Amino acid sequence: MSFWPWYGLRGGQQTESWEASVPAGASPGRPVAAARQDADQFSMICPTQALRAQAGRVEVEMDHCVHCQRCRQGADPLPWQEDAAWSHWRDTHAQPFPARFRRSLHVLYVDAGACGACVNEIRLVDAPVYNLHRFGIFITATPRDADVLLVSGPITDAMHRAVVKAYAAMPEPKRVLGMGVCAINGGVFGKSFASHGGLEGVIPVDLWIPGCPPPPLAIIEGLRRLMGWTNGPAEREVR
Amino acid sequence: MSEATGLRHWLQSYPALSLSEVDGYCLRLVCTPEQLPGLARELVEHWQAEFATLLVEEHPDRALSFTVRYYFYAPRQHHLLELRIAVAPGTELPAISDAVHAADWHEREAWDLYGLRFTGHPFLGDFVLHDEDWPEGVDPMLHRFSARQRPAGEGSGEHWQPPQLLEEEGAIVFPVGPIWGDYNESGLWLLETPGEQIRYLHTRLFYKYRAVEKIAEGQAVDQAFLLSERFAGAAALAHSWAYCQAVERIAGCTAPRRAEQLRILFAELERARHHCANIAEICGSTALSVAKAMAQNLVEDWLRLSAQVAGHRYLFGLLCPGGLRQDLHAEQRNLWIAALARLRRDLLALREHLETSSSFLDRIEEMGTLTADFAKTFGVVGPIARASGRALDLRRHLPYGAYSEWEPEIPTEEQGDGYARLRIFFAETLISIGLMEEMLTQIADGPIRTECPIRAGHALAWVEAPSGATFHWLRLAEDGSVLRLRLGTPGFRNWHAFERAIQGAAFQDFPIILATWGLSVAENDR
Ligand code: SF4
Ligand code: SF4
């Protein structure tokens, strides 16, 4: 005989504070721009052109970074920052939701060709430590109930139509969130006969969450930004 | 005569067969299309060989259209076999799938992507490329097809209808997908039912087809590495390891001892996390929310450990041909050892609670059963195979890396039901923890990487990924660009058999059965 309520209670409160610094290992972190003499040569090590040399500095374009870690390995790496507040608005985007959505936001997740990593991270947003329900955010299984369409993957040819239909079936007001580098520009799969190369040109996007994959904290931060919140987990110190 | 020499002897004395080459890891045979079905049948039925994968290569010169390689391995003899056949333009190959059912989907795939027809195959078409979308007669893996752009035109099947076998009055086809449920991968499952029981399931995958094998062509070794790592990111380390082994085999180099040990450590870390994620899904599918939360804690712990010892929660960016890109430091090692003790304790507690939860066991016992016969016929691999009584594991049967020294125990169960699979996931996680603990105290000192020269050539490499045997085949050009990458994945093998575990189940059991299989769609679709 198992006493699940007891096991649950015995564990105590496990949810981590939202504004504390990112717990060790909760985010892969990201490279940080830096001035360096070998900027031209150094930026060549990036396989996805996320590093750009400009006036003696290496700039990082997070929307292209696939976390291959190559700029972090070796004797003279880029500084690295462990944070998770990565989301940013698209150039043209809708406003955040009106304040009445701050207590209840429903999200439809669509896998449009994502690898298992993005899918696994989204499956953890309701894990005890993250508990996205505390923010009034819920995952729903139907577009009819959804306020937000959260899409990952490079938008495969066969999912293109499904994504367009799901968006059309959502009631107004609605927002679209592209999750992971694949949804932004196709990521390592790029644009090909089989992938659209991201959401741009498929449906109107409001917010991007870069990362490969963005960890649960980054996903929740993006969803909260859509609700009009701007505070997120604090970064851990730079190595 | 030992079994190994017995098999070789048999092949040597096979009439009109040329045993072209025997190298370090593979017996190579050239045969004719006429010899193929008989040979394949005997290999599987008499020698208990397992079908590994099918590889089609388009010939650069026009005299031949394709070279087709069928790979088998004989687990008891630790032998790998290659049957190679040249296909003349405009000709077909006899299907082997009636004798070797595991090859069924491989033949359908080759027809869809290369336009290579298999005589006698009952259903070619509407597989990787969906009929309603894809213009007929366009074969995307052929060299003349450019990967850049989608060909104009829609498919002929705009009015595509799900096939319906049941003709009883009131029978319906209930579609699940491609977008469905809360956090699911995309795919379409068509459940046919006269009321409550699922009579047939028709699985339609490849909504996530990213054409990874095609877009890899022409890429540099380091670039295509990223594809091998991320086409199925939940098993990134396993698949990128197989890729690296293929490059190393072509180059004729081996990774240093320390690197081989670290590869095992990271691979077992990935396996443990993968299995715990499956356990969380199983608990979630039965709405046992406390158990799901406990399992999610395990998954998150594994991921945080991974990020702390490897820099990435999914172990991206760790491997490279010739070894590893980064080393494991003493502090990280100690952290890892401490975490294992905690994770084992939590895992055992969860297992005990689940095993004494009769309402939970009722939902997974005798549920989604794959009988031993079907498991053999479909040639399923990995935990699914081991839960149906097949003690197969490449770490033992075709050892690679340092696994010949660090042989893991292979647990098996006989029932083949949801509960048997759950027990296998637990047992294998515990075995991986044990293996990691043992190894972490005995890592050799030394370099983590050797120079891996780029050479032209081709090689097959394999890894026991968390979900089972994966076989990758790679051909490189002189300049180090990829000419052909074949990803023969466990997902592709096991999804094929999934339909057999559903028939007769009640409607509401479908998500539970799906969770107990724990299959990756990304790994199937590629
Ligand atoms: S981690 Fe890799 S992809 Fe990201 S910026 Fe560095 S080199 Fe580029
Ligand atoms: S963004 Fe990265 S983790 Fe997400 S689906 Fe694409 S490859 Fe996978």
# chains A, B, ... in the order shown; residues from 1 in each chain; ligands from 1
call {"tool": "residues_near_ligand", "arguments": {"ligand": "ligand 2", "cutoff": "8 Å", "atoms": "only C-alpha atoms and all ligand atoms", "output": "PyMOL selection string"}}
result
(chain A and resi 66+113-119+152-154+179-183+186-189+210-214) or (chain B and resi 230-233)
call {"tool": "select_by_dssp", "arguments": {"residues": "chain A", "states": "helix (DSSP H, G or I)", "output": "MDAnalysis selection string"}}
result
chainID A and resid 4:10 39:45 62:64 99:103 116:123 132:135 143:145 157:168 181:185 187:189 216:226
call {"tool": "interface_residues", "arguments": {"of": "chain A", "to": "chain B", "cutoff": "8 Å", "atoms": "only C-alpha atoms", "output": "PDB file with N, CA, C and O atoms, in the first residue's frame"}}
result
ATOM      1  N   MET A   1       0.863  -1.199   0.000  1.00  0.00           N
ATOM      2  CA  MET A   1       0.000   0.000   0.000  1.00  0.00           C
ATOM      3  C   MET A   1       0.892   1.240   0.000  1.00  0.00           C
ATOM      4  O   MET A   1       1.845   1.329   0.760  1.00  0.00           O
ATOM      5  N   SER A   2       0.568   2.165  -0.887  1.00  0.00           N
ATOM      6  CA  SER A   2       1.370   3.391  -0.949  1.00  0.00           C
ATOM      7  C   SER A   2       0.555   4.597  -0.509  1.00  0.00           C
ATOM      8  O   SER A   2      -0.619   4.692  -0.804  1.00  0.00           O
ATOM      9  N   TRP A   4       0.644   8.081  -1.232  1.00  0.00           N
ATOM     10  CA  TRP A   4       1.230   9.146  -2.054  1.00  0.00           C
ATOM     11  C   TRP A   4       1.094  10.527  -1.442  1.00  0.00           C
ATOM     12  O   TRP A   4       2.057  11.310  -1.476  1.00  0.00           O
ATOM     13  N   PRO A   5      -0.092  10.887  -0.883  1.00  0.00           N
ATOM     14  CA  PRO A   5      -0.179  12.249  -0.311  1.00  0.00           C
ATOM     15  C   PRO A   5       0.888  12.462   0.757  1.00  0.00           C
ATOM     16  O   PRO A   5       1.526  13.520   0.818  1.00  0.00           O
ATOM     17  N   TYR A   7       3.845  10.917   0.946  1.00  0.00           N
ATOM     18  CA  TYR A   7       5.174  11.070   0.321  1.00  0.00           C
ATOM     19  C   TYR A   7       5.341  12.483  -0.220  1.00  0.00           C
ATOM     20  O   TYR A   7       6.410  13.082  -0.143  1.00  0.00           O
ATOM     21  N   GLY A   8       4.251  13.001  -0.767  1.00  0.00           N
ATOM     22  CA  GLY A   8       4.313  14.355  -1.320  1.00  0.00           C
ATOM     23  C   GLY A   8       4.556  15.382  -0.231  1.00  0.00           C
ATOM     24  O   GLY A   8       5.438  16.239  -0.349  1.00  0.00           O
ATOM     25  N   ALA A  24      22.838  25.938  -9.606  1.00  0.00           N
ATOM     26  CA  ALA A  24      23.910  25.325 -10.396  1.00  0.00           C
ATOM     27  C   ALA A  24      23.332  24.216 -11.270  1.00  0.00           C
ATOM     28  O   ALA A  24      22.625  23.342 -10.790  1.00  0.00           O
ATOM     29  N   GLY A  25      23.607  24.279 -12.560  1.00  0.00           N
ATOM     30  CA  GLY A  25      23.173  23.238 -13.478  1.00  0.00           C
ATOM     31  C   GLY A  25      21.785  23.443 -14.040  1.00  0.00           C
ATOM     32  O   GLY A  25      21.349  22.700 -14.915  1.00  0.00           O
ATOM     33  N   ALA A  26      21.046  24.472 -13.551  1.00  0.00           N
ATOM     34  CA  ALA A  26      19.699  24.694 -14.077  1.00  0.00           C
ATOM     35  C   ALA A  26      19.735  25.356 -15.446  1.00  0.00           C
ATOM     36  O   ALA A  26      18.744  25.365 -16.165  1.00  0.00           O
ATOM     37  N   SER A  27      20.879  25.922 -15.789  1.00  0.00           N
ATOM     38  CA  SER A  27      21.017  26.531 -17.111  1.00  0.00           C
ATOM     39  C   SER A  27      22.400  26.202 -17.651  1.00  0.00           C
ATOM     40  O   SER A  27      23.359  26.153 -16.884  1.00  0.00           O
ATOM     41  N   PRO A  28      22.516  25.967 -18.959  1.00  0.00           N
ATOM     42  CA  PRO A  28      23.855  25.754 -19.520  1.00  0.00           C
ATOM     43  C   PRO A  28      24.628  27.068 -19.586  1.00  0.00           C
ATOM     44  O   PRO A  28      25.824  27.056 -19.853  1.00  0.00           O
ATOM     45  N   PRO A  47      30.570  27.304 -35.179  1.00  0.00           N
ATOM     46  CA  PRO A  47      30.062  26.620 -36.372  1.00  0.00           C
ATOM     47  C   PRO A  47      28.779  27.246 -36.910  1.00  0.00           C
ATOM     48  O   PRO A  47      28.342  26.894 -38.004  1.00  0.00           O
ATOM     49  N   HIS A  67      24.938  26.316 -28.462  1.00  0.00           N
ATOM     50  CA  HIS A  67      25.555  25.718 -27.283  1.00  0.00           C
ATOM     51  C   HIS A  67      26.486  24.565 -27.605  1.00  0.00           C
ATOM     52  O   HIS A  67      26.455  23.530 -26.940  1.00  0.00           O
ATOM     53  N   CYS A  68      27.329  24.763 -28.618  1.00  0.00           N
ATOM     54  CA  CYS A  68      28.252  23.689 -28.945  1.00  0.00           C
ATOM     55  C   CYS A  68      29.454  23.726 -28.016  1.00  0.00           C
ATOM     56  O   CYS A  68      30.276  22.816 -28.032  1.00  0.00           O
ATOM     57  N   GLN A  69      29.584  24.788 -27.255  1.00  0.00           N
ATOM     58  CA  GLN A  69      30.634  24.953 -26.245  1.00  0.00           C
ATOM     59  C   GLN A  69      32.035  25.166 -26.811  1.00  0.00           C
ATOM     60  O   GLN A  69      33.006  25.182 -26.068  1.00  0.00           O
ATOM     61  N   ARG A  70      32.148  25.297 -28.140  1.00  0.00           N
ATOM     62  CA  ARG A  70      33.505  25.379 -28.698  1.00  0.00           C
ATOM     63  C   ARG A  70      34.233  26.653 -28.275  1.00  0.00           C
ATOM     64  O   ARG A  70      35.448  26.658 -28.139  1.00  0.00           O
ATOM     65  N   GLN A  73      35.675  26.025 -24.661  1.00  0.00           N
ATOM     66  CA  GLN A  73      36.702  25.022 -24.427  1.00  0.00           C
ATOM     67  C   GLN A  73      38.042  25.577 -24.889  1.00  0.00           C
ATOM     68  O   GLN A  73      38.091  26.576 -25.588  1.00  0.00           O
ATOM     69  N   GLY A  74      39.103  24.941 -24.532  1.00  0.00           N
ATOM     70  CA  GLY A  74      40.409  25.416 -24.969  1.00  0.00           C
ATOM     71  C   GLY A  74      41.017  26.357 -23.945  1.00  0.00           C
ATOM     72  O   GLY A  74      40.397  26.711 -22.937  1.00  0.00           O
ATOM     73  N   LEU A 108      -0.443  26.458 -25.520  1.00  0.00           N
ATOM     74  CA  LEU A 108      -0.418  25.235 -26.327  1.00  0.00           C
ATOM     75  C   LEU A 108       1.002  25.056 -26.843  1.00  0.00           C
ATOM     76  O   LEU A 108       1.552  25.947 -27.505  1.00  0.00           O
ATOM     77  N   TYR A 109       1.575  23.900 -26.540  1.00  0.00           N
ATOM     78  CA  TYR A 109       2.921  23.605 -27.035  1.00  0.00           C
ATOM     79  C   TYR A 109       2.820  22.802 -28.327  1.00  0.00           C
ATOM     80  O   TYR A 109       2.081  21.817 -28.394  1.00  0.00           O
ATOM     81  N   VAL A 110       3.543  23.232 -29.333  1.00  0.00           N
ATOM     82  CA  VAL A 110       3.563  22.475 -30.586  1.00  0.00           C
ATOM     83  C   VAL A 110       5.005  22.115 -30.945  1.00  0.00           C
ATOM     84  O   VAL A 110       5.879  22.980 -31.013  1.00  0.00           O
ATOM     85  N   ASP A 111       5.200  20.836 -31.167  1.00  0.00           N
ATOM     86  CA  ASP A 111       6.492  20.326 -31.599  1.00  0.00           C
ATOM     87  C   ASP A 111       6.497  20.321 -33.122  1.00  0.00           C
ATOM     88  O   ASP A 111       5.790  19.536 -33.735  1.00  0.00           O
ATOM     89  N   ALA A 112       7.268  21.218 -33.704  1.00  0.00           N
ATOM     90  CA  ALA A 112       7.310  21.291 -35.164  1.00  0.00           C
ATOM     91  C   ALA A 112       8.656  20.794 -35.676  1.00  0.00           C
ATOM     92  O   ALA A 112       9.313  21.431 -36.488  1.00  0.00           O
ATOM     93  N   GLY A 113       9.069  19.648 -35.151  1.00  0.00           N
ATOM     94  CA  GLY A 113      10.314  19.027 -35.594  1.00  0.00           C
ATOM     95  C   GLY A 113      11.442  19.163 -34.594  1.00  0.00           C
ATOM     96  O   GLY A 113      12.615  19.062 -34.944  1.00  0.00           O
ATOM     97  N   ALA A 114      11.088  19.395 -33.329  1.00  0.00           N
ATOM     98  CA  ALA A 114      12.116  19.568 -32.307  1.00  0.00           C
ATOM     99  C   ALA A 114      12.817  18.249 -32.011  1.00  0.00           C
ATOM    100  O   ALA A 114      12.223  17.180 -32.125  1.00  0.00           O
ATOM    101  N   CYS A 115      14.076  18.361 -31.620  1.00  0.00           N
ATOM    102  CA  CYS A 115      14.763  17.159 -31.176  1.00  0.00           C
ATOM    103  C   CYS A 115      14.299  16.883 -29.748  1.00  0.00           C
ATOM    104  O   CYS A 115      13.605  17.689 -29.148  1.00  0.00           O
ATOM    105  N   GLY A 116      14.701  15.778 -29.174  1.00  0.00           N
ATOM    106  CA  GLY A 116      14.207  15.419 -27.852  1.00  0.00           C
ATOM    107  C   GLY A 116      14.570  16.390 -26.745  1.00  0.00           C
ATOM    108  O   GLY A 116      13.904  16.439 -25.716  1.00  0.00           O
ATOM    109  N   ALA A 117      15.608  17.197 -26.939  1.00  0.00           N
ATOM    110  CA  ALA A 117      16.068  18.050 -25.844  1.00  0.00           C
ATOM    111  C   ALA A 117      15.074  19.174 -25.551  1.00  0.00           C
ATOM    112  O   ALA A 117      14.703  19.402 -24.408  1.00  0.00           O
ATOM    113  N   CYS A 118      14.613  19.889 -26.591  1.00  0.00           N
ATOM    114  CA  CYS A 118      13.617  20.937 -26.365  1.00  0.00           C
ATOM    115  C   CYS A 118      12.356  20.336 -25.751  1.00  0.00           C
ATOM    116  O   CYS A 118      11.743  20.922 -24.870  1.00  0.00           O
ATOM    117  N   VAL A 119      11.953  19.168 -26.246  1.00  0.00           N
ATOM    118  CA  VAL A 119      10.736  18.534 -25.740  1.00  0.00           C
ATOM    119  C   VAL A 119      10.919  18.157 -24.273  1.00  0.00           C
ATOM    120  O   VAL A 119      10.032  18.353 -23.443  1.00  0.00           O
ATOM    121  N   ASN A 120      12.081  17.644 -23.939  1.00  0.00           N
ATOM    122  CA  ASN A 120      12.326  17.255 -22.561  1.00  0.00           C
ATOM    123  C   ASN A 120      12.314  18.472 -21.629  1.00  0.00           C
ATOM    124  O   ASN A 120      11.812  18.393 -20.509  1.00  0.00           O
ATOM    125  N   ILE A 122      10.648  21.297 -22.019  1.00  0.00           N
ATOM    126  CA  ILE A 122       9.280  21.798 -21.820  1.00  0.00           C
ATOM    127  C   ILE A 122       8.518  20.857 -20.885  1.00  0.00           C
ATOM    128  O   ILE A 122       7.672  21.286 -20.108  1.00  0.00           O
ATOM    129  N   ARG A 123       8.863  19.575 -20.905  1.00  0.00           N
ATOM    130  CA  ARG A 123       8.190  18.639 -20.004  1.00  0.00           C
ATOM    131  C   ARG A 123       8.540  18.887 -18.545  1.00  0.00           C
ATOM    132  O   ARG A 123       7.891  18.350 -17.656  1.00  0.00           O
ATOM    133  N   LEU A 124       9.580  19.659 -18.299  1.00  0.00           N
ATOM    134  CA  LEU A 124       9.989  19.887 -16.910  1.00  0.00           C
ATOM    135  C   LEU A 124       9.459  21.187 -16.316  1.00  0.00           C
ATOM    136  O   LEU A 124       9.674  21.452 -15.133  1.00  0.00           O
ATOM    137  N   ALA A 127       7.753  20.570 -13.210  1.00  0.00           N
ATOM    138  CA  ALA A 127       8.444  19.813 -12.161  1.00  0.00           C
ATOM    139  C   ALA A 127       8.403  20.635 -10.871  1.00  0.00           C
ATOM    140  O   ALA A 127       8.304  21.864 -10.932  1.00  0.00           O
ATOM    141  N   PRO A 128       8.460  19.966  -9.712  1.00  0.00           N
ATOM    142  CA  PRO A 128       8.326  20.707  -8.450  1.00  0.00           C
ATOM    143  C   PRO A 128       9.258  21.915  -8.338  1.00  0.00           C
ATOM    144  O   PRO A 128       8.833  22.973  -7.881  1.00  0.00           O
ATOM    145  N   VAL A 129      10.492  21.783  -8.738  1.00  0.00           N
ATOM    146  CA  VAL A 129      11.412  22.911  -8.564  1.00  0.00           C
ATOM    147  C   VAL A 129      11.004  24.129  -9.391  1.00  0.00           C
ATOM    148  O   VAL A 129      11.285  25.263  -9.008  1.00  0.00           O
ATOM    149  N   ILE A 139      -0.559  24.510 -19.140  1.00  0.00           N
ATOM    150  CA  ILE A 139      -0.413  23.950 -20.481  1.00  0.00           C
ATOM    151  C   ILE A 139      -1.758  23.354 -20.870  1.00  0.00           C
ATOM    152  O   ILE A 139      -2.391  22.665 -20.069  1.00  0.00           O
ATOM    153  N   THR A 140      -2.203  23.630 -22.067  1.00  0.00           N
ATOM    154  CA  THR A 140      -3.484  23.106 -22.510  1.00  0.00           C
ATOM    155  C   THR A 140      -3.262  22.243 -23.743  1.00  0.00           C
ATOM    156  O   THR A 140      -2.253  22.372 -24.427  1.00  0.00           O
ATOM    157  N   ALA A 141      -4.229  21.374 -24.018  1.00  0.00           N
ATOM    158  CA  ALA A 141      -4.047  20.463 -25.139  1.00  0.00           C
ATOM    159  C   ALA A 141      -4.775  20.923 -26.386  1.00  0.00           C
ATOM    160  O   ALA A 141      -4.720  20.266 -27.411  1.00  0.00           O
ATOM    161  N   THR A 142      -5.470  22.043 -26.324  1.00  0.00           N
ATOM    162  CA  THR A 142      -6.218  22.454 -27.508  1.00  0.00           C
ATOM    163  C   THR A 142      -6.026  23.938 -27.828  1.00  0.00           C
ATOM    164  O   THR A 142      -5.970  24.774 -26.924  1.00  0.00           O
ATOM    165  N   THR A 156       8.996  21.755 -39.729  1.00  0.00           N
ATOM    166  CA  THR A 156       9.139  20.812 -40.833  1.00  0.00           C
ATOM    167  C   THR A 156       8.011  21.019 -41.838  1.00  0.00           C
ATOM    168  O   THR A 156       6.947  21.545 -41.504  1.00  0.00           O
ATOM    169  N   ASP A 157       8.287  20.568 -43.043  1.00  0.00           N
ATOM    170  CA  ASP A 157       7.303  20.728 -44.108  1.00  0.00           C
ATOM    171  C   ASP A 157       5.963  20.102 -43.700  1.00  0.00           C
ATOM    172  O   ASP A 157       4.902  20.691 -43.889  1.00  0.00           O
ATOM    173  N   ALA A 158       6.029  18.925 -43.095  1.00  0.00           N
ATOM    174  CA  ALA A 158       4.790  18.226 -42.756  1.00  0.00           C
ATOM    175  C   ALA A 158       4.059  18.857 -41.570  1.00  0.00           C
ATOM    176  O   ALA A 158       2.867  18.624 -41.393  1.00  0.00           O
ATOM    177  N   MET A 159       4.743  19.658 -40.759  1.00  0.00           N
ATOM    178  CA  MET A 159       4.072  20.311 -39.625  1.00  0.00           C
ATOM    179  C   MET A 159       3.640  21.738 -39.952  1.00  0.00           C
ATOM    180  O   MET A 159       2.937  22.376 -39.169  1.00  0.00           O
ATOM    181  N   ALA A 162      -0.046  22.220 -39.927  1.00  0.00           N
ATOM    182  CA  ALA A 162      -0.605  22.037 -38.581  1.00  0.00           C
ATOM    183  C   ALA A 162      -0.370  23.274 -37.721  1.00  0.00           C
ATOM    184  O   ALA A 162      -1.246  23.690 -36.959  1.00  0.00           O
ATOM    185  N   VAL A 188      20.565  23.996 -36.253  1.00  0.00           N
ATOM    186  CA  VAL A 188      21.521  23.185 -37.018  1.00  0.00           C
ATOM    187  C   VAL A 188      20.872  22.574 -38.261  1.00  0.00           C
ATOM    188  O   VAL A 188      21.572  22.139 -39.172  1.00  0.00           O
ATOM    189  N   PHE A 189      19.559  22.561 -38.323  1.00  0.00           N
ATOM    190  CA  PHE A 189      18.892  21.979 -39.496  1.00  0.00           C
ATOM    191  C   PHE A 189      18.718  23.001 -40.616  1.00  0.00           C
ATOM    192  O   PHE A 189      18.502  22.640 -41.771  1.00  0.00           O
ATOM    193  N   LYS A 191      17.546  25.815 -43.253  1.00  0.00           N
ATOM    194  CA  LYS A 191      16.389  25.903 -44.124  1.00  0.00           C
ATOM    195  C   LYS A 191      16.641  24.911 -45.234  1.00  0.00           C
ATOM    196  O   LYS A 191      17.723  24.889 -45.805  1.00  0.00           O
ATOM    197  N   SER A 192      15.680  24.075 -45.521  1.00  0.00           N
ATOM    198  CA  SER A 192      15.873  23.100 -46.587  1.00  0.00           C
ATOM    199  C   SER A 192      14.515  22.722 -47.143  1.00  0.00           C
ATOM    200  O   SER A 192      13.498  23.257 -46.722  1.00  0.00           O
ATOM    201  N   PHE A 193      14.527  21.746 -48.053  1.00  0.00           N
ATOM    202  CA  PHE A 193      13.238  21.300 -48.608  1.00  0.00           C
ATOM    203  C   PHE A 193      12.350  20.712 -47.526  1.00  0.00           C
ATOM    204  O   PHE A 193      11.135  20.665 -47.673  1.00  0.00           O
ATOM    205  N   ALA A 194      12.959  20.267 -46.409  1.00  0.00           N
ATOM    206  CA  ALA A 194      12.167  19.594 -45.385  1.00  0.00           C
ATOM    207  C   ALA A 194      11.852  20.489 -44.196  1.00  0.00           C
ATOM    208  O   ALA A 194      10.986  20.161 -43.399  1.00  0.00           O
ATOM    209  N   SER A 195      12.563  21.603 -44.057  1.00  0.00           N
ATOM    210  CA  SER A 195      12.327  22.502 -42.925  1.00  0.00           C
ATOM    211  C   SER A 195      12.174  23.925 -43.417  1.00  0.00           C
ATOM    212  O   SER A 195      12.954  24.388 -44.254  1.00  0.00           O
TER     213      SER A 195
END
call {"tool": "residues_near_ligand", "arguments": {"ligand": "ligand 1", "cutoff": "9 Å", "atoms": "only C-alpha atoms and all ligand atoms", "output": "ChimeraX atom specification"}}
result
/A:30-32,43-51,59-62,64-72,78,211 /B:317
call {"tool": "atom_distance", "arguments": {"atom1": "CA of Met436 (chain B)", "atom2": "CA of Cys253 (chain B)"}}
result
25.6 Å
call {"tool": "closest_residue", "arguments": {"among": "B:Ala220, B:Cys31, B:Ile96, B:Leu54", "to": "Arg84 (chain B)", "atoms": "only C-alpha atoms"}}
result
B:Cys31
call {"tool": "select_by_dssp", "arguments": {"residues": "region 295-395 of chain B", "states": "strand (DSSP E or B)", "output": "count of residues only"}}
result
4
call {"tool": "residues_around", "arguments": {"residues": "region 487-496 of chain B", "least_positions_apart": "3", "cutoff": "7 Å", "atoms": "only C-alpha atoms", "output": "PyMOL selection string"}}
result
chain B and resi 53+380-381+467-473+519-521+523-524
call {"tool": "write_last_selection", "arguments": {"atoms": "N, CA and C atoms", "output": "compact mmCIF listing (two decimals), in the first residue's frame"}}
result
# COMPACT_ATOMS: atom_id res chain seq x y z
N THR B 53 20.88 -2.80 -40.21
CA THR B 53 20.32 -1.68 -40.97
C THR B 53 20.50 -1.90 -42.46
N VAL B 380 12.90 -5.87 -32.48
CA VAL B 380 12.98 -4.69 -31.62
C VAL B 380 14.30 -4.69 -30.85
N VAL B 381 14.68 -3.53 -30.39
CA VAL B 381 15.99 -3.36 -29.75
C VAL B 381 15.83 -2.64 -28.41
N SER B 467 17.82 3.99 -26.06
CA SER B 467 16.65 3.25 -26.52
C SER B 467 17.02 2.04 -27.37
N GLY B 468 18.29 1.73 -27.52
CA GLY B 468 18.68 0.51 -28.22
C GLY B 468 19.76 0.72 -29.26
N ALA B 469 19.98 -0.35 -30.04
CA ALA B 469 21.10 -0.35 -30.98
C ALA B 469 20.95 0.73 -32.03
N THR B 470 21.99 1.50 -32.23
CA THR B 470 21.99 2.46 -33.33
C THR B 470 23.19 2.19 -34.22
N PHE B 471 22.98 2.22 -35.52
CA PHE B 471 24.05 1.97 -36.49
C PHE B 471 24.18 3.17 -37.41
N HIS B 472 25.36 3.77 -37.41
CA HIS B 472 25.59 4.91 -38.29
C HIS B 472 26.62 4.53 -39.34
N TRP B 473 26.35 4.90 -40.55
CA TRP B 473 27.28 4.62 -41.64
C TRP B 473 27.67 5.93 -42.27
N LEU B 519 9.15 5.85 -26.62
CA LEU B 519 9.87 5.97 -27.89
C LEU B 519 10.02 7.43 -28.32
N SER B 520 11.12 7.70 -28.97
CA SER B 520 11.34 9.06 -29.47
C SER B 520 10.92 9.16 -30.93
N VAL B 521 10.07 10.14 -31.21
CA VAL B 521 9.66 10.37 -32.59
C VAL B 521 10.80 11.03 -33.37
N GLU B 523 13.87 10.60 -33.06
CA GLU B 523 14.87 9.61 -33.42
C GLU B 523 14.40 8.75 -34.59
N ASN B 524 13.10 8.54 -34.68
CA ASN B 524 12.57 7.81 -35.82
C ASN B 524 12.59 8.67 -37.08
call {"tool": "residues_around", "arguments": {"residues": "Thr92 (chain A)", "least_positions_apart": "6", "cutoff": "12 Å", "atoms": "only C-alpha atoms", "output": "ChimeraX atom specification"}}
result
/A:200,204-208
call {"tool": "atom_distance", "arguments": {"atom1": "CA of Thr450 (chain B)", "atom2": "CA of Thr254 (chain B)"}}
result
7.5 Å
call {"tool": "atom_distance", "arguments": {"atom1": "CA of Arg108 (chain B)", "atom2": "CA of Val87 (chain B)"}}
result
16.8 Å
call {"tool": "closest_residue", "arguments": {"among": "B:Asp112, B:Glu478, B:Glu438, B:Glu169", "to": "Leu265 (chain B)", "atoms": "only C-alpha atoms"}}
result
B:Glu438
call {"tool": "residues_around", "arguments": {"residues": "Arg225 (chain A)", "least_positions_apart": "2", "cutoff": "10 Å", "atoms": "only C-alpha atoms", "output": "PyMOL selection string"}}
result
chain A and resi 85+87-89+96-97+207+219-223+227-232
